[in-house]
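S.K.: Take a look at this one; I'll ask things after.
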Amino acid sequence: MSAVQQQQDVYFADFAALEKRLGASDPPWLRPIRKAALDRFAELGFPATKMEEWKYTNVAPIAAVPFRPVSGRSSISAPQAQTVKERFVLAEGDSSRLVFVDGQFNSELSSTASLPPGVIVASLAEALARGAPGLEAHLARYAGYQNHAFVALNTAFIEQGAFVEVPRETVLRKPVDLLFVATARTGGGTGPVVSHYRNLIVVGRGSQATIVERYVGLEEERYFTNAVTELVAGEGAIVDYVKAQQESERAFHVATLQAEQGRSSRVSTCSVAFGGALAREEVKAVLNGEGSESTLHGLYVIRGLQHVDNHTTIDHAKPHCASRELYKGVLDGASTGVFNGKIIVRKDAQKTDSKQSNKNLLLSENAVINTKPQLEIYADDVKCTHGATIGQIDQEAVFYLRSRGIGLDEARAMLTQAFAGDVIGKITFEPLRERLKDALLARLAKSSGGVPAEGESQRVSTIEEG
């Protein structure tokens, strides 16, 4: 038996333990979904680099480790809880907050007071236990697991995560903050932890909501976060979704966001990634209602040996829809990045208006970016553009700043901050925007500063399709 097969067997054993623990309390409609997902994971196995969608991301380091879930109730030491409050809790009263620690809901650090009537902000486990009616209609209905091993694994372990439901014609004036914390605990008392977070966000017709999803690590430890978020925007709904990934730089992070949009809805997503030894995020937006709009923004700032992979898909399924996408990357050291962005325009999606751009700044001759913007157009009356750029810091801009008395390192830092800060500046929730600006400055301060001189060679791999 191979080492990878032995590690997969660990997941099967943990699934059997989950079924036994939940027993009769498990909703009857969910049990067959879990079982089918596990069976599919067994068939698929972990993805390999010979697969086109995983060509540049090798998940062997994840497959080789026997990650285990934390058993029992969520616990966190008093010093760790204080660290969470000081470093990661946004201004009290500015948002409703759900906090999860090592895969378990933590009620002591959470706060959901003053919600409008009918709004549900709760742990998924609690919502399943009380039989929230919105769950059966939406949970595991959008993020497909048939061809995605990590989504299949997450679906098999559906239990912990967040459930947010905003009824029709409701304006949620304060953001909902979902905070997922990793400590140095061990899974099952034996080794590194895995957390299979599953989040469901349903925003009803004519409603408005801001959702913040954050993943943070308290220690530079190795662990695995496997997260799936399903976001449903009803007719005319407006949703602003922000994800910040600040995991340990030894951790593994694989996540999927699946957004389903109704007629005339507007969904804006912004993803910021600083952490992870290996991180992959897939953002998929389906514009399934005429007149809907989708905006995708992303920023990845990595260094050392970090690897970050962003895969995005905007699926124009109906006519008269618009989408805008901008992802930026800053890579230092020997880090590697991947951007694979796909825009699909279905046959009946006439009058589609879509623009996609990926821009990358390499601060080191050893940094590598693989970028592949794609268009798949099956309609004939559309406006679609896409492109990618890769470059260094503008030497003329550096010269200009230095001519005004600014030092070389400070000039480079200012230009890099301006390049990356463009995406963070689009976040409307001020407390989070300011936290991420500070985090960006801290990361740039630790940068090696190894900007290639003019004419110096770089290892660059880029794929562009016109």
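Scheme for the structure tokens: letters A, B, ... for chains in order shown; per-chain residue numbers from 1; ligand numbers from 1 in order shown.
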Taking 2 positions as the minimum chain separation for residues in the same chain, which residues sit within 7 Å of segment 267-269 of chain A when counting only C-alpha atoms? Answer as a PyMOL selection string.
M.R.: chain A and resi 238-242+265+271+293-297
S.K.: Mind dumping the selected residues with C-alpha atoms as an mmCIF file, in the first residue's frame?
M.R.:
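Just written: selection_29.cif:
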data_model
loop_
_atom_site.group_PDB
_atom_site.id
_atom_site.type_symbol
_atom_site.label_atom_id
_atom_site.label_comp_id
_atom_site.auth_asym_id
_atom_site.auth_seq_id
_atom_site.Cartn_x
_atom_site.Cartn_y
_atom_site.Cartn_z
ATOM 1 C CA ILE A 238 -26.406 43.093 -3.730
ATOM 2 C CA VAL A 239 -23.583 41.164 -2.060
ATOM 3 C CA ASP A 240 -20.101 42.378 -1.186
ATOM 4 C CA TYR A 241 -17.850 39.432 -0.290
ATOM 5 C CA VAL A 242 -14.261 39.749 0.976
ATOM 6 C CA SER A 265 -28.151 40.766 -8.874
ATOM 7 C CA SER A 271 -9.687 37.861 -2.343
ATOM 8 C CA GLU A 293 -23.270 41.799 -12.682
ATOM 9 C CA SER A 294 -20.154 40.181 -11.219
ATOM 10 C CA THR A 295 -16.911 41.815 -10.090
ATOM 11 C CA LEU A 296 -13.860 39.776 -9.064
ATOM 12 C CA HIS A 297 -10.802 41.362 -7.471
#
S.K.: So which residues touch Leu278 of chain A within 7 Å, counting only C-alpha atoms, skipping near sequence neighbours fewer than 3 positions away, as number ranges by chain?
M.R.: A: 251-253, 306-308
S.K.: For segment 401-413 of chain A, work out the shell of residues within 10 Å, counting only C-alpha atoms and skipping chain neighbours fewer than 2 positions away, then give it as a list of chain:residue names.
M.R.: A:Leu363, A:Ile393, A:Asp394, A:Gln395, A:Glu396, A:Ala397, A:Val398, A:Phe399, A:Leu415, A:Thr416, A:Gln417, A:Ala418, A:Phe419, A:Leu441, A:Leu444, A:Ala445, A:Ser447, A:Gly449, A:Gly450, A:Val451
S.K.: Keeping only C-alpha atoms, write the selected residues to a file as a PDB file, in the first residue's frame.
M.R.:
ATOM      1  CA  LEU A 363      10.620  41.452  -7.044  1.00  0.00           C
ATOM      2  CA  ILE A 393       9.297  47.884 -10.713  1.00  0.00           C
ATOM      3  CA  ASP A 394       9.479  50.802 -13.132  1.00  0.00           C
ATOM      4  CA  GLN A 395      13.075  52.045 -12.986  1.00  0.00           C
ATOM      5  CA  GLU A 396      12.079  55.478 -14.268  1.00  0.00           C
ATOM      6  CA  ALA A 397       9.615  55.835 -11.386  1.00  0.00           C
ATOM      7  CA  VAL A 398      12.340  54.763  -8.949  1.00  0.00           C
ATOM      8  CA  PHE A 399      14.689  57.372 -10.459  1.00  0.00           C
ATOM      9  CA  LEU A 415       5.823  51.728  -5.749  1.00  0.00           C
ATOM     10  CA  THR A 416       5.102  48.142  -4.696  1.00  0.00           C
ATOM     11  CA  GLN A 417       2.587  49.328  -2.110  1.00  0.00           C
ATOM     12  CA  ALA A 418       0.839  51.491  -4.709  1.00  0.00           C
ATOM     13  CA  PHE A 419       0.637  48.518  -7.115  1.00  0.00           C
ATOM     14  CA  LEU A 441       3.076  47.091   4.755  1.00  0.00           C
ATOM     15  CA  LEU A 444       6.670  44.448   2.173  1.00  0.00           C
ATOM     16  CA  ALA A 445       8.940  45.518   5.038  1.00  0.00           C
ATOM     17  CA  SER A 447      10.645  41.596   1.610  1.00  0.00           C
ATOM     18  CA  GLY A 449      14.215  43.790  -1.548  1.00  0.00           C
ATOM     19  CA  GLY A 450      15.774  41.725  -4.321  1.00  0.00           C
ATOM     20  CA  VAL A 451      14.412  43.708  -7.251  1.00  0.00           C
TER      21      VAL A 451
END
S.K.: What are the closest atom pairs, with distances in Å to one decimal, for each residue of segment 266-323 of chain A lying within 9 Å of segment 332-347 of chain A, using only C-alpha atoms, rows by chain and rising residue number, as CSV?
M.R.:
residue,atom,partner,partner_atom,distance
A:Arg280,CA,A:Val338,CA,8.9
A:Tyr300,CA,A:Gly337,CA,8.4
A:Val301,CA,A:Asp332,CA,8.2
A:Ile302,CA,A:Asp332,CA,6.3
A:Arg303,CA,A:Asp332,CA,4.5
A:Gly304,CA,A:Gly333,CA,4.7
A:Leu305,CA,A:Ser335,CA,4.6
A:Gln306,CA,A:Ser335,CA,4.9
A:His307,CA,A:Thr336,CA,4.8
A:Val308,CA,A:Gly337,CA,5.0
A:Asp309,CA,A:Val338,CA,4.4
A:Asn310,CA,A:Phe339,CA,4.9
A:His311,CA,A:Asn340,CA,4.7
A:Thr312,CA,A:Gly341,CA,4.7
A:Thr313,CA,A:Lys342,CA,4.7
A:Ile314,CA,A:Ile343,CA,4.9
A:Asp315,CA,A:Ile344,CA,4.8
A:His316,CA,A:Val345,CA,4.8
A:Ala317,CA,A:Arg346,CA,5.3
A:Lys318,CA,A:Arg346,CA,7.4
A:Pro319,CA,A:Arg346,CA,8.8
S.K.: Between segment 172-267 of chain A and segment 118-137 of chain A, at 9 Å or less, what are the per-residue closest atom pairs and their distances in Å? Count only C-alpha atoms, order by chain and rising residue number, and return it as a Markdown table.
M.R.:
| residue | atom | partner | partner_atom | distance |
| --- | --- | --- | --- | --- |
| A:Leu172 | CA | A:Val119 | CA | 8.5 |
| A:Val176 | CA | A:Val121 | CA | 7.9 |
| A:Arg198 | CA | A:Leu124 | CA | 7.7 |
| A:Asn199 | CA | A:Leu124 | CA | 7.2 |
| A:Leu200 | CA | A:Leu124 | CA | 8.0 |
| A:Val202 | CA | A:Gly134 | CA | 8.2 |
S.K.: Skipping near chain neighbours, those fewer than 6 positions away, what residues fall within 7 Å of Gln245 of chain A using only C-alpha atoms, listed as a PyMOL selection string?
M.R.: chain A and resi 214-216+272-275
S.K.: Given the selection you just returned, output its residues as a file containing N, CA and C atoms, formatted as a PDB file, in the first residue's frame.
M.R.:
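Everything below was put into out23.pdb:
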ATOM      1  N   ARG A 214     -12.363  35.235   6.835  1.00  0.00           N
ATOM      2  CA  ARG A 214     -10.922  35.370   7.108  1.00  0.00           C
ATOM      3  C   ARG A 214     -10.353  34.080   7.692  1.00  0.00           C
ATOM      4  N   TYR A 215      -9.168  33.728   7.227  1.00  0.00           N
ATOM      5  CA  TYR A 215      -8.461  32.534   7.713  1.00  0.00           C
ATOM      6  C   TYR A 215      -7.096  32.974   8.232  1.00  0.00           C
ATOM      7  N   VAL A 216      -6.833  32.700   9.513  1.00  0.00           N
ATOM      8  CA  VAL A 216      -5.601  33.173  10.136  1.00  0.00           C
ATOM      9  C   VAL A 216      -4.942  32.042  10.931  1.00  0.00           C
ATOM     10  N   VAL A 272      -7.797  38.341  -0.888  1.00  0.00           N
ATOM     11  CA  VAL A 272      -6.440  38.788  -0.557  1.00  0.00           C
ATOM     12  C   VAL A 272      -5.703  37.621   0.091  1.00  0.00           C
ATOM     13  N   ALA A 273      -4.568  37.220  -0.466  1.00  0.00           N
ATOM     14  CA  ALA A 273      -3.822  36.064   0.044  1.00  0.00           C
ATOM     15  C   ALA A 273      -2.395  36.472   0.393  1.00  0.00           C
ATOM     16  N   PHE A 274      -2.039  36.269   1.663  1.00  0.00           N
ATOM     17  CA  PHE A 274      -0.687  36.513   2.141  1.00  0.00           C
ATOM     18  C   PHE A 274      -0.003  35.231   2.619  1.00  0.00           C
ATOM     19  N   GLY A 275      -0.793  34.259   3.100  1.00  0.00           N
ATOM     20  CA  GLY A 275      -0.215  33.126   3.813  1.00  0.00           C
ATOM     21  C   GLY A 275      -0.200  31.843   3.020  1.00  0.00           C
TER      22      GLY A 275
END
S.K.: If you count only C-alpha atoms, which residues fall within 10 Å of segment 217-226 of chain A, apart from same-chain ones fewer than 5 positions away, as a VMD selection string?
M.R.: chain A and resid 62 65 67 to 69 80 to 81 83 to 84 87 101 to 103 150 to 151 153 to 154 180 to 187 191 to 198 245 to 256 275 to 280
S.K.: May I have the residues from that selection written out with C-alpha atoms, as a compact mmCIF listing (two decimals), in the first residue's frame?
M.R.:
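For reference, again32.txt as written:
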# COMPACT_ATOMS: atom_id res chain seq x y z
CA ILE A 62 -0.92 17.52 1.31
CA VAL A 65 0.46 13.88 5.57
CA PHE A 67 -4.12 15.28 8.71
CA ARG A 68 -6.74 14.63 11.39
CA PRO A 69 -9.68 16.72 12.66
CA GLN A 80 -4.37 32.60 22.47
CA ALA A 81 -7.86 34.04 22.90
CA THR A 83 -4.12 37.26 20.76
CA VAL A 84 -7.18 36.66 18.58
CA ARG A 87 -4.81 40.93 16.28
CA VAL A 101 -10.98 27.51 16.13
CA ASP A 102 -9.28 24.43 14.68
CA GLY A 103 -12.42 23.33 12.88
CA PHE A 150 -11.08 18.62 -2.47
CA VAL A 151 -14.71 19.73 -2.80
CA LEU A 153 -13.66 15.63 0.60
CA ASN A 154 -15.16 18.79 2.09
CA PHE A 180 -11.40 30.89 11.12
CA VAL A 181 -8.44 30.48 13.47
CA ALA A 182 -5.75 27.80 13.51
CA THR A 183 -3.68 27.19 16.65
CA ALA A 184 -0.88 24.73 17.33
CA ARG A 185 -3.23 21.91 18.42
CA THR A 186 -2.93 18.43 16.96
CA GLY A 187 -5.62 16.50 15.13
CA GLY A 191 -0.60 15.01 14.35
CA PRO A 192 -1.38 18.03 12.15
CA VAL A 193 -4.96 19.34 12.04
CA VAL A 194 -7.36 19.43 9.10
CA SER A 195 -10.42 21.68 9.11
CA HIS A 196 -13.16 21.06 6.52
CA TYR A 197 -15.09 24.34 6.75
CA ARG A 198 -18.36 24.54 4.81
CA GLN A 245 -6.14 34.45 3.76
CA GLN A 246 -3.41 34.95 6.37
CA GLU A 247 -2.58 31.36 7.23
CA SER A 248 0.75 30.16 8.62
CA GLU A 249 3.45 30.10 5.96
CA ARG A 250 3.84 26.39 6.72
CA ALA A 251 0.15 25.65 6.23
CA PHE A 252 -1.87 24.32 3.30
CA HIS A 253 -5.01 26.13 2.18
CA VAL A 254 -7.42 24.89 -0.50
CA ALA A 255 -10.68 26.78 -0.96
CA THR A 256 -13.60 27.10 -3.35
CA GLY A 275 -0.21 33.13 3.81
CA GLY A 276 0.19 29.43 3.16
CA ALA A 277 3.11 27.29 2.03
CA LEU A 278 0.74 26.02 -0.66
CA ALA A 279 -2.54 27.81 -1.24
CA ARG A 280 -5.12 27.36 -3.97
